[in-house]
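A.B. asks: Here you go, this is input26.tsv (TSV, C-alpha atoms and all ligand atoms).
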```tsv
chain	number	residue	atom	x	y	z
S	1	MET	CA	-17.77	-11.27	14.86
S	2	SER	CA	-20.62	-10.56	12.41
S	3	LYS	CA	-21.87	-13.28	10.03
S	4	ASN	CA	-20.73	-11.18	7.09
S	5	LYS	CA	-17.16	-10.97	8.41
S	6	LEU	CA	-17.07	-14.70	9.16
S	7	PHE	CA	-18.24	-15.40	5.62
S	8	ARG	CA	-15.56	-13.14	4.12
S	9	PHE	CA	-12.79	-14.66	6.26
S	10	ALA	CA	-13.87	-18.17	5.29
S	11	GLU	CA	-13.91	-17.25	1.59
S	12	MET	CA	-10.47	-15.64	1.78
S	13	LYS	CA	-8.99	-18.83	3.32
S	14	LYS	CA	-9.84	-20.58	0.06
S	15	MET	CA	-8.34	-17.88	-2.20
S	16	GLU	CA	-4.84	-18.67	-3.45
S	17	HIS	CA	-4.06	-14.98	-3.95
S	18	VAL	CA	-4.71	-14.12	-0.26
S	19	LEU	CA	-1.85	-14.88	2.11
S	20	GLU	CA	-2.15	-14.73	5.88
S	21	PRO	CA	1.19	-15.63	7.50
S	22	SER	CA	0.99	-16.44	11.22
S	23	MET	CA	2.95	-14.51	13.85
S	24	GLU	CA	5.00	-17.68	14.51
S	25	GLU	CA	5.96	-17.97	10.84
S	26	ILE	CA	6.95	-14.30	10.73
S	27	LYS	CA	8.90	-14.37	14.01
S	28	ASN	CA	10.70	-17.63	13.15
S	29	GLY	CA	11.68	-16.38	9.69
S	30	ALA	CA	9.63	-19.23	8.23
S	31	VAL	CA	7.80	-17.27	5.53
S	32	ASP	CA	9.01	-19.19	2.51
S	33	TYR	CA	8.00	-16.57	-0.08
S	34	LYS	CA	10.30	-13.91	1.44
S	35	GLY	CA	12.85	-13.24	-1.32
S	36	ASN	CA	10.87	-15.53	-3.57
S	37	TRP	CA	7.71	-13.59	-4.41
S	38	ASN	CA	8.16	-13.58	-8.16
S	39	LYS	CA	9.19	-17.21	-8.54
S	40	ALA	CA	6.89	-18.76	-5.95
S	41	ILE	CA	3.80	-16.53	-6.10
S	42	PHE	CA	3.61	-14.58	-9.38
S	43	LYS	CA	5.58	-17.04	-11.57
S	44	ASN	CA	7.19	-14.19	-13.52
S	45	ASP	CA	9.98	-11.62	-13.17
S	46	ASN	CA	7.83	-8.50	-13.22
S	47	PRO	CA	8.41	-5.56	-10.85
S	48	ILE	CA	6.52	-5.55	-7.54
S	49	THR	CA	4.52	-2.62	-6.14
S	50	LEU	CA	3.02	-2.63	-2.63
S	51	GLU	CA	-0.10	-0.79	-1.47
S	52	LEU	CA	0.35	-0.51	2.29
S	53	GLY	CA	-2.81	-0.07	4.38
S	54	CYS	CA	-4.73	-1.04	1.25
S	55	GLY	CA	-8.20	-1.38	2.80
S	56	LYS	CA	-10.29	-2.68	-0.12
S	57	GLY	CA	-7.25	-2.49	-2.40
S	58	GLU	CA	-8.45	0.06	-4.95
S	59	TYR	CA	-4.91	1.13	-5.83
S	60	ALA	CA	-3.50	-2.39	-6.02
S	61	VAL	CA	-6.37	-3.49	-8.28
S	62	GLY	CA	-6.61	-0.24	-10.28
S	63	LEU	CA	-2.87	-0.22	-11.02
S	64	ALA	CA	-2.88	-3.95	-11.83
S	65	LYS	CA	-5.49	-3.38	-14.52
S	66	LYS	CA	-3.45	-0.55	-16.02
S	67	TYR	CA	-0.15	-2.41	-15.81
S	68	PRO	CA	-0.64	-6.12	-16.55
S	69	ASN	CA	3.15	-6.53	-16.75
S	70	LYS	CA	3.69	-5.51	-13.15
S	71	ASN	CA	2.81	-7.32	-9.90
S	72	PHE	CA	0.85	-5.70	-7.04
S	73	ILE	CA	0.45	-6.66	-3.40
S	74	GLY	CA	-2.18	-5.07	-1.13
S	75	VAL	CA	-1.21	-5.23	2.54
S	76	ASP	CA	-3.54	-4.61	5.46
S	77	ILE	CA	-4.42	-6.18	8.79
S	78	LYS	CA	-8.16	-5.84	8.22
S	79	GLY	CA	-9.36	-8.88	6.31
S	80	ALA	CA	-13.01	-7.98	5.81
S	81	ARG	CA	-12.04	-4.88	3.78
S	82	MET	CA	-9.40	-6.74	1.81
S	83	TRP	CA	-12.02	-9.32	0.76
S	84	VAL	CA	-13.60	-6.67	-1.51
S	85	GLY	CA	-10.46	-6.34	-3.66
S	86	ALA	CA	-9.66	-10.05	-3.46
S	87	LYS	CA	-13.15	-10.94	-4.66
S	88	GLN	CA	-12.97	-8.38	-7.49
S	89	CYS	CA	-9.78	-10.06	-8.73
S	90	VAL	CA	-11.55	-13.43	-8.84
S	91	GLU	CA	-14.59	-12.03	-10.62
S	92	GLU	CA	-12.60	-10.03	-13.18
S	93	GLY	CA	-9.83	-12.61	-13.71
S	94	ILE	CA	-7.08	-10.23	-12.54
S	95	GLU	CA	-4.00	-12.37	-11.96
S	96	ASN	CA	-1.29	-9.85	-11.04
S	97	VAL	CA	-2.60	-8.94	-7.56
S	98	VAL	CA	-2.01	-10.71	-4.27
S	99	PHE	CA	-3.31	-9.64	-0.87
S	100	LEU	CA	-1.20	-10.06	2.24
S	101	ARG	CA	-2.99	-9.88	5.58
S	102	THR	CA	-0.47	-8.81	8.17
S	103	LYS	CA	0.79	-5.84	10.17
S	104	ILE	CA	2.90	-3.50	8.04
S	105	ASP	CA	5.24	-3.34	11.05
S	106	PHE	CA	6.64	-6.72	9.86
S	107	ILE	CA	7.04	-5.79	6.21
S	108	ASP	CA	10.83	-6.28	6.26
S	109	LYS	CA	10.30	-9.84	7.53
S	110	LEU	CA	8.17	-10.63	4.49
S	111	PHE	CA	10.24	-9.19	1.64
S	112	ASP	CA	13.95	-9.38	0.91
S	113	ARG	CA	16.43	-6.64	0.09
S	114	ASN	CA	15.63	-4.96	-3.27
S	115	GLU	CA	12.54	-7.12	-3.77
S	116	VAL	CA	10.11	-4.18	-4.02
S	117	ASP	CA	10.06	-1.54	-6.78
S	118	GLU	CA	7.49	0.93	-5.48
S	119	ILE	CA	5.24	1.62	-2.49
S	120	TRP	CA	1.86	3.36	-2.35
S	121	LEU	CA	0.49	4.70	0.95
S	122	THR	CA	-3.18	5.44	0.39
S	123	PHE	CA	-5.06	7.46	2.99
S	124	SER	CA	-2.94	6.02	5.78
S	125	ASP	CA	-4.19	6.53	9.34
S	126	PRO	CA	-2.83	9.95	10.46
S	127	GLN	CA	-2.19	8.72	14.05
S	128	PRO	CA	-2.34	12.27	15.55
S	129	ASN	CA	-1.22	11.06	19.00
S	130	LYS	CA	1.16	8.28	17.97
S	131	PRO	CA	3.64	9.74	15.44
S	132	ASN	CA	5.79	6.59	15.43
S	133	LYS	CA	2.83	4.60	14.12
S	134	ARG	CA	2.49	6.82	11.04
S	135	LEU	CA	3.44	4.92	7.91
S	136	THR	CA	5.84	7.74	6.92
S	137	SER	CA	7.59	7.90	10.31
S	138	LYS	CA	11.32	7.12	10.35
S	139	ILE	CA	10.63	3.74	11.98
S	140	PHE	CA	8.49	2.64	9.02
S	141	ILE	CA	10.68	4.30	6.36
S	142	ASP	CA	13.68	2.37	7.71
S	143	ARG	CA	11.70	-0.84	7.22
S	144	TYR	CA	10.88	0.12	3.62
S	145	ARG	CA	14.55	0.95	3.02
S	146	LYS	CA	15.39	-2.71	3.69
S	147	ILE	CA	13.13	-3.99	0.90
S	148	LEU	CA	12.99	-1.19	-1.74
S	149	LYS	CA	15.24	-1.11	-4.79
S	150	PRO	CA	17.51	1.95	-5.13
S	151	GLY	CA	15.42	4.84	-6.45
S	152	GLY	CA	12.16	3.02	-5.58
S	153	ILE	CA	9.41	5.62	-5.26
S	154	ILE	CA	7.13	5.98	-2.22
S	155	HIS	CA	3.80	7.63	-3.05
S	156	LEU	CA	1.56	9.16	-0.38
S	157	LYS	CA	-2.00	10.24	-1.14
S	158	THR	CA	-3.92	11.62	1.83
S	159	ASP	CA	-6.59	14.02	3.04
S	160	SER	CA	-4.82	14.53	6.37
S	161	ASP	CA	-3.01	17.81	7.13
S	162	VAL	CA	-1.34	16.19	10.16
S	163	LEU	CA	0.07	13.27	8.17
S	164	PHE	CA	1.08	15.41	5.18
S	165	GLU	CA	2.83	18.03	7.29
S	166	SER	CA	4.68	15.42	9.32
S	167	THR	CA	5.72	13.65	6.08
S	168	GLU	CA	7.05	16.96	4.72
S	169	ASN	CA	9.08	17.37	7.91
S	170	GLU	CA	10.43	13.80	7.68
S	171	ILE	CA	11.45	14.37	4.03
S	172	LYS	CA	13.36	17.54	5.00
S	173	GLU	CA	14.86	16.21	8.23
S	174	HIS	CA	16.16	12.94	6.75
S	175	GLY	CA	17.07	14.28	3.30
S	176	TYR	CA	14.77	12.02	1.28
S	177	ASN	CA	14.58	12.98	-2.41
S	178	CYS	CA	11.19	14.52	-3.06
S	179	THR	CA	10.10	14.25	-6.69
S	180	TYR	CA	6.58	15.68	-6.35
S	181	PHE	CA	4.71	17.48	-3.60
S	182	THR	CA	1.31	19.20	-3.64
S	183	TRP	CA	-1.18	20.26	-0.97
S	184	ASP	CA	-3.91	20.42	-3.62
S	185	LEU	CA	-3.63	17.48	-5.99
S	186	TYR	CA	-6.73	18.07	-8.09
S	187	ASN	CA	-5.82	21.71	-8.65
S	188	ASP	CA	-2.31	20.77	-9.82
S	189	ILE	CA	-3.05	17.54	-11.65
S	190	GLN	CA	-3.33	19.10	-15.12
S	191	LYS	CA	0.31	20.17	-14.92
S	192	MET	CA	1.48	16.62	-14.22
S	193	PRO	CA	2.82	14.12	-16.81
S	194	ASP	CA	0.08	11.95	-18.40
S	195	ASN	CA	1.31	8.64	-16.97
S	196	ILE	CA	1.05	9.79	-13.33
S	197	LYS	CA	-2.08	11.90	-13.95
S	198	ASP	CA	-3.96	8.75	-15.00
S	199	ILE	CA	-2.92	6.87	-11.91
S	200	LEU	CA	-3.76	9.66	-9.50
S	201	HIS	CA	-7.37	9.61	-10.64
S	202	ILE	CA	-7.90	6.20	-9.01
S	203	LYS	CA	-10.10	6.82	-5.96
S	204	THR	CA	-10.14	4.70	-2.81
S	205	HIS	CA	-13.05	4.26	-0.41
S	206	TYR	CA	-11.52	6.75	2.05
S	207	GLU	CA	-10.76	9.25	-0.69
S	208	GLU	CA	-14.45	9.23	-1.72
S	209	LEU	CA	-15.47	9.62	1.91
S	210	PHE	CA	-13.15	12.54	2.67
S	211	THR	CA	-13.84	14.27	-0.64
S	212	GLN	CA	-17.56	14.26	0.17
S	213	ARG	CA	-16.67	15.97	3.47
S	214	GLY	CA	-14.83	18.70	1.53
S	215	HIS	CA	-11.27	17.68	2.43
S	216	GLN	CA	-8.51	18.72	0.00
S	217	ILE	CA	-6.46	15.78	-1.32
S	218	LYS	CA	-2.68	15.97	-0.96
S	219	TYR	CA	-0.04	13.94	-2.77
S	220	CYS	CA	3.72	13.51	-2.69
S	221	GLN	CA	6.30	11.12	-4.03
S	222	PHE	CA	9.84	10.62	-2.80
S	223	TYR	CA	12.66	8.10	-2.71
S	224	ILE	CA	14.97	7.19	0.13
S	225	ASN	CA	17.78	5.01	-1.25
M	301	LIG	C1	-7.90	4.96	6.67
M	301	LIG	S1	-7.77	3.33	6.09
M	301	LIG	C2	-7.43	3.55	4.36
M	301	LIG	C3	-7.79	2.32	3.56
M	301	LIG	C4	-7.61	2.47	2.04
M	301	LIG	N1	-6.23	2.67	1.67
M	301	LIG	C5	-8.45	3.59	1.50
M	301	LIG	O1	-7.88	4.63	1.11
M	301	LIG	O2	-9.68	3.43	1.43
M	301	LIG	C6	-6.20	2.85	6.72
M	301	LIG	C7	-5.93	1.33	6.58
M	301	LIG	O3	-4.61	1.08	7.00
M	301	LIG	C8	-4.60	-0.13	7.76
M	301	LIG	N2	-3.44	-0.04	8.66
M	301	LIG	C9	-3.04	1.02	9.40
M	301	LIG	N3	-1.92	0.75	10.09
M	301	LIG	C10	-1.62	-0.54	9.78
M	301	LIG	C11	-0.55	-1.42	10.16
M	301	LIG	N4	0.41	-1.03	11.00
M	301	LIG	N5	-0.55	-2.66	9.65
M	301	LIG	C12	-1.52	-3.07	8.78
M	301	LIG	N6	-2.55	-2.30	8.38
M	301	LIG	C13	-2.59	-1.04	8.86
M	301	LIG	C14	-5.93	-0.14	8.48
M	301	LIG	O4	-6.29	-1.46	8.83
M	301	LIG	C15	-6.85	0.48	7.43
M	301	LIG	O5	-7.47	-0.49	6.61
```
Translate this file's structure into structure tokens.

C.D. replies:
Amino acid sequence: MSKNKLFRFAEMKKMEHVLEPSMEEIKNGAVDYKGNWNKAIFKNDNPITLELGCGKGEYAVGLAKKYPNKNFIGVDIKGARMWVGAKQCVEEGIENVVFLRTKIDFIDKLFDRNEVDEIWLTFSDPQPNKPNKRLTSKIFIDRYRKILKPGGIIHLKTDSDVLFESTENEIKEHGYNCTYFTWDLYNDIQKMPDNIKDILHIKTHYEELFTQRGHQIKYCQFYIN
């Protein structure tokens, strides 16, 4: 492992707002903040939004700044990326973001029923050859169903045709309620309500990268419960 990564991992171990549950804890149901996020971690009763596959956490941090009365949790398995957002929170005194380093596959072992208000999927890996690993596949959606409040929105922002098309098919096949769907977000954004328009302008590292390559950005939102 590079010196830079080792440094970041060591720093994150000391950060109270970075949680790294072990596989044993997860498997044995010993994660004591499951069902207890607000009381034990955030010390308030504010709604919780997850950014799954958060990378550097641009959405978790960007939304947290806009909505100080909501709580945000960035989830990813890659710690060195997550350090960027975690460090930004320290430097800017942002107190309503926590980072959770784990596999999203275990998300229903880390949150209780109805504990989550909203989910953002930001430039998720399209997994062209492994459809079940897509974060909008039925396997993952069924995990989110166990933790999302009724009517809790799932947002997907992506550059990937493969992921967007497969998500469209999943929405139709399983009868999820689609509340917004566009293959060309920045062409349609002017027609959208101001509150969502503002949020959709937040750009992640991968969005910048793919935009530079000329990819069109797609966006949809839907709910499953
Ligand atoms: C293409 S990157 C996007 C990162 C960031 N959201 C962005 O837009 O810049 C996808 C991220 O999802 C994470 N990821 C994908 N599948 C995952 C899983 N099953 N569990 C945890 N993290 C996952 C990867 O580690 C990676 O950081």

A.B. asks: When you count only C-alpha atoms and all ligand atoms, which of these residues is closest to ligand LIG 301 (chain M): S:Ile77, S:Leu19, S:Ile154, S:Ile139?

C.D. replies: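 Selected residue with least distance to ligand LIG 301 (chain M): S:Ile77.
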
A.B. asks: Identify, on the basis of all atoms listed in the file, every residue whose closest approach to Glu25 (chain S) does not exceed 10 Å; exclude the query and any residue fewer than 5 positions from it along the same chain; express the result as a list in words.

C.D. replies: Ala30, Val31, Asp32, Lys109 and Leu110 of chain S

A.B. asks: Name all residues at most 6 Å from Lys157 (chain S) (count all atoms listed in the file; drop same-chain ones fewer than 5 positions away) and give them as a ChimeraX atom specification.

C.D. replies: /S:122-123,218-219

A.B. asks: Pull C-alpha atoms from the residues just selected and write them as a short mmCIF file (atom, residue, chain, number, x, y, z; two decimals), in the frame of the given file.

C.D. replies:
```
data_model
loop_
_atom_site.label_atom_id
_atom_site.label_comp_id
_atom_site.auth_asym_id
_atom_site.auth_seq_id
_atom_site.Cartn_x
_atom_site.Cartn_y
_atom_site.Cartn_z
CA THR S 122 -3.18 5.44 0.39
CA PHE S 123 -5.06 7.46 2.99
CA LYS S 218 -2.68 15.97 -0.96
CA TYR S 219 -0.04 13.94 -2.77
#
```

A.B. asks: Could you jot down the atom N3 of ligand LIG 301 (chain M) to CA of Ile141 (chain S) separation for me, Å, one decimal place?

C.D. replies: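 So the answer is 13.6 Å.
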
A.B. asks: Neighbouring residues of Ile171 (chain S) were defined as those with any atom within 10 Å, considering only C-alpha atoms; residues of the same chain fewer than 3 positions away were excluded. Please report them as a PyMOL selection string.

C.D. replies: chain S and resi 136-138+165-168+174-178+222-224

A.B. asks: Filtering to C-alpha atoms, could you give me those residues as a PDB file, in the frame of the given file?

C.D. replies:
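Generated output (part.pdb):
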```pdb
ATOM      1  CA  THR S 136       5.840   7.740   6.920  1.00  0.00           C
ATOM      2  CA  SER S 137       7.590   7.900  10.310  1.00  0.00           C
ATOM      3  CA  LYS S 138      11.320   7.120  10.350  1.00  0.00           C
ATOM      4  CA  GLU S 165       2.830  18.030   7.290  1.00  0.00           C
ATOM      5  CA  SER S 166       4.680  15.420   9.320  1.00  0.00           C
ATOM      6  CA  THR S 167       5.720  13.650   6.080  1.00  0.00           C
ATOM      7  CA  GLU S 168       7.050  16.960   4.720  1.00  0.00           C
ATOM      8  CA  HIS S 174      16.160  12.940   6.750  1.00  0.00           C
ATOM      9  CA  GLY S 175      17.070  14.280   3.300  1.00  0.00           C
ATOM     10  CA  TYR S 176      14.770  12.020   1.280  1.00  0.00           C
ATOM     11  CA  ASN S 177      14.580  12.980  -2.410  1.00  0.00           C
ATOM     12  CA  CYS S 178      11.190  14.520  -3.060  1.00  0.00           C
ATOM     13  CA  PHE S 222       9.840  10.620  -2.800  1.00  0.00           C
ATOM     14  CA  TYR S 223      12.660   8.100  -2.710  1.00  0.00           C
ATOM     15  CA  ILE S 224      14.970   7.190   0.130  1.00  0.00           C
TER      16      ILE S 224
END
```

A.B. asks: List every residue of chain S that has an atom at most 6 Å from any atom of ligand LIG 301 (chain M), and for each one report the closest atom pair and its distance in Å to one decimal, counting only C-alpha atoms and all ligand atoms, with rows sorted by chain and then by increasing residue number, as a Markdown table.

C.D. replies:
```
| residue | atom | partner | partner_atom | distance |
| --- | --- | --- | --- | --- |
| S:Gly53 | CA | M:LIG301 | O3 | 3.4 |
| S:Cys54 | CA | M:LIG301 | N1 | 4.0 |
| S:Gly55 | CA | M:LIG301 | C3 | 3.8 |
| S:Asp76 | CA | M:LIG301 | N6 | 3.9 |
| S:Ile77 | CA | M:LIG301 | C12 | 4.3 |
| S:Lys78 | CA | M:LIG301 | O4 | 4.8 |
| S:Thr102 | CA | M:LIG301 | C12 | 5.9 |
| S:Lys103 | CA | M:LIG301 | N5 | 3.5 |
| S:Ile104 | CA | M:LIG301 | N5 | 3.9 |
| S:Asp105 | CA | M:LIG301 | N4 | 5.4 |
| S:Thr122 | CA | M:LIG301 | N1 | 4.3 |
| S:Phe123 | CA | M:LIG301 | O1 | 4.4 |
| S:Ser124 | CA | M:LIG301 | C6 | 4.6 |
| S:Asp125 | CA | M:LIG301 | C1 | 4.8 |
| S:Thr204 | CA | M:LIG301 | O2 | 4.4 |
| S:His205 | CA | M:LIG301 | O2 | 3.9 |
| S:Tyr206 | CA | M:LIG301 | O2 | 3.8 |
| S:Glu207 | CA | M:LIG301 | O1 | 5.7 |
```

A.B. asks: Selection from above, C-alpha atoms, as a compact mmCIF listing (two decimals), keeping the file's coordinate frame, can you write it?

C.D. replies:
```txt
# COMPACT_ATOMS: atom_id res chain seq x y z
CA GLY S 53 -2.81 -0.07 4.38
CA CYS S 54 -4.73 -1.04 1.25
CA GLY S 55 -8.20 -1.38 2.80
CA ASP S 76 -3.54 -4.61 5.46
CA ILE S 77 -4.42 -6.18 8.79
CA LYS S 78 -8.16 -5.84 8.22
CA THR S 102 -0.47 -8.81 8.17
CA LYS S 103 0.79 -5.84 10.17
CA ILE S 104 2.90 -3.50 8.04
CA ASP S 105 5.24 -3.34 11.05
CA THR S 122 -3.18 5.44 0.39
CA PHE S 123 -5.06 7.46 2.99
CA SER S 124 -2.94 6.02 5.78
CA ASP S 125 -4.19 6.53 9.34
CA THR S 204 -10.14 4.70 -2.81
CA HIS S 205 -13.05 4.26 -0.41
CA TYR S 206 -11.52 6.75 2.05
CA GLU S 207 -10.76 9.25 -0.69
```

A.B. asks: Let me make sure I understand: among S:Val97, S:Leu148, S:Val75, S:Val61, which one has the smallest atom-to-atom distance to Glu16 (chain S) if we use all atoms listed in the file?

C.D. replies: S:Val97

A.B. asks: Hey, can you check how far CA of Asp159 (chain S) sits from CA of Asp117 (chain S)?

C.D. replies: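 Going from CA of Asp159 (chain S) over to CA of Asp117 (chain S) covers 24.8 Å.
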
A.B. asks: Report, in Å with one decimal, the straight-line distance from CA of Ile202 (chain S) to CA of Arg134 (chain S).

C.D. replies: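 That distance, rounded to one decimal, is 22.6 Å.
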
A.B. asks: For Ile199 (chain S), which residue among S:Lys146, S:Lys27, S:Lys87, S:Lys66 is the nearest when counting all atoms listed in the file?

C.D. replies: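 Checking each candidate against Ile199 (chain S), we get S:Lys66 as the closest.
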
A.B. asks: Could the centre and edge lengths of an axis-aligned box, enclosing all atoms of region 102-108 of chain S in the file with 8 Å extra on each side, be given in Å to one decimal as JSON?

C.D. replies:
```
{"center_x": 5.2, "center_y": -6.1, "center_z": 8.6, "size_x": 27.3, "size_y": 21.5, "size_z": 20.8}
```

A.B. asks: Which residues, written as a PyMOL selection string, have at least one atom at most 10 Å from Asp108 (chain S), with all atoms listed in the file counted and residues fewer than 3 positions away on the same chain left out?

C.D. replies: chain S and resi 26+34+104-105+111-113+140+142-148

A.B. asks: Give me the residues near Lys43 (chain S) as a list in words, where near means some atom within 12 Å (using all atoms listed in the file) and where sequence neighbours in that chain fewer than 2 positions away do not count.

C.D. replies: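 That gives Tyr33, Asn36, Trp37, Asn38, Lys39, Ala40, Ile41, Asp45, Asn46, Pro47, Asn69, Lys70, Asn71, Glu95 and Asn96 of chain S.
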
A.B. asks: Go through S:Gln212, S:Pro21, S:Gly85, S:Lys197 one by one, measure the shortest atom-to-atom distance of each to Ile107 (chain S) using only C-alpha atoms, and give the residue with the smallest value.

C.D. replies: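 Smallest distance to Ile107 (chain S) is found for S:Pro21.
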
A.B. asks: Can you work out which one of S:Leu63, S:Ile189, S:Ala80, S:Ile73 has the shortest atom-to-atom distance to Met1 (chain S), counting only C-alpha atoms?

C.D. replies: S:Ala80

A.B. asks: Generate the coordinates of N, CA and C atoms for region 139-150 of chain S; report them as a JSON list (two decimals), keeping the file's coordinate frame.

C.D. replies:
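selection-v1.json, freshly written:
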```
[["chain", "number", "residue", "atom", "x", "y", "z"],
["S", 139, "ILE", "N", 10.64, 5.18, 11.65],
["S", 139, "ILE", "CA", 10.63, 3.74, 11.98],
["S", 139, "ILE", "C", 10.13, 2.92, 10.78],
["S", 140, "PHE", "N", 9.04, 3.38, 10.16],
["S", 140, "PHE", "CA", 8.49, 2.64, 9.02],
["S", 140, "PHE", "C", 9.37, 2.82, 7.77],
["S", 141, "ILE", "N", 9.83, 4.05, 7.55],
["S", 141, "ILE", "CA", 10.68, 4.30, 6.36],
["S", 141, "ILE", "C", 11.93, 3.41, 6.41],
["S", 142, "ASP", "N", 12.49, 3.23, 7.60],
["S", 142, "ASP", "CA", 13.68, 2.37, 7.71],
["S", 142, "ASP", "C", 13.35, 0.92, 7.36],
["S", 143, "ARG", "N", 12.12, 0.52, 7.63],
["S", 143, "ARG", "CA", 11.70, -0.84, 7.22],
["S", 143, "ARG", "C", 11.59, -0.92, 5.70],
["S", 144, "TYR", "N", 11.02, 0.13, 5.09],
["S", 144, "TYR", "CA", 10.88, 0.12, 3.62],
["S", 144, "TYR", "C", 12.25, 0.12, 2.96],
["S", 145, "ARG", "N", 13.19, 0.85, 3.60],
["S", 145, "ARG", "CA", 14.55, 0.95, 3.02],
["S", 145, "ARG", "C", 15.17, -0.44, 2.83],
["S", 146, "LYS", "N", 14.81, -1.37, 3.75],
["S", 146, "LYS", "CA", 15.39, -2.71, 3.69],
["S", 146, "LYS", "C", 14.86, -3.54, 2.52],
["S", 147, "ILE", "N", 13.74, -3.13, 1.93],
["S", 147, "ILE", "CA", 13.13, -3.99, 0.90],
["S", 147, "ILE", "C", 13.01, -3.31, -0.47],
["S", 148, "LEU", "N", 13.16, -1.96, -0.48],
["S", 148, "LEU", "CA", 12.99, -1.19, -1.74],
["S", 148, "LEU", "C", 14.27, -1.18, -2.57],
["S", 149, "LYS", "N", 14.09, -1.26, -3.89],
["S", 149, "LYS", "CA", 15.24, -1.11, -4.79],
["S", 149, "LYS", "C", 15.75, 0.32, -4.73],
["S", 150, "PRO", "N", 17.02, 0.57, -5.08],
["S", 150, "PRO", "CA", 17.51, 1.95, -5.13],
["S", 150, "PRO", "C", 16.64, 2.79, -6.07]]
```
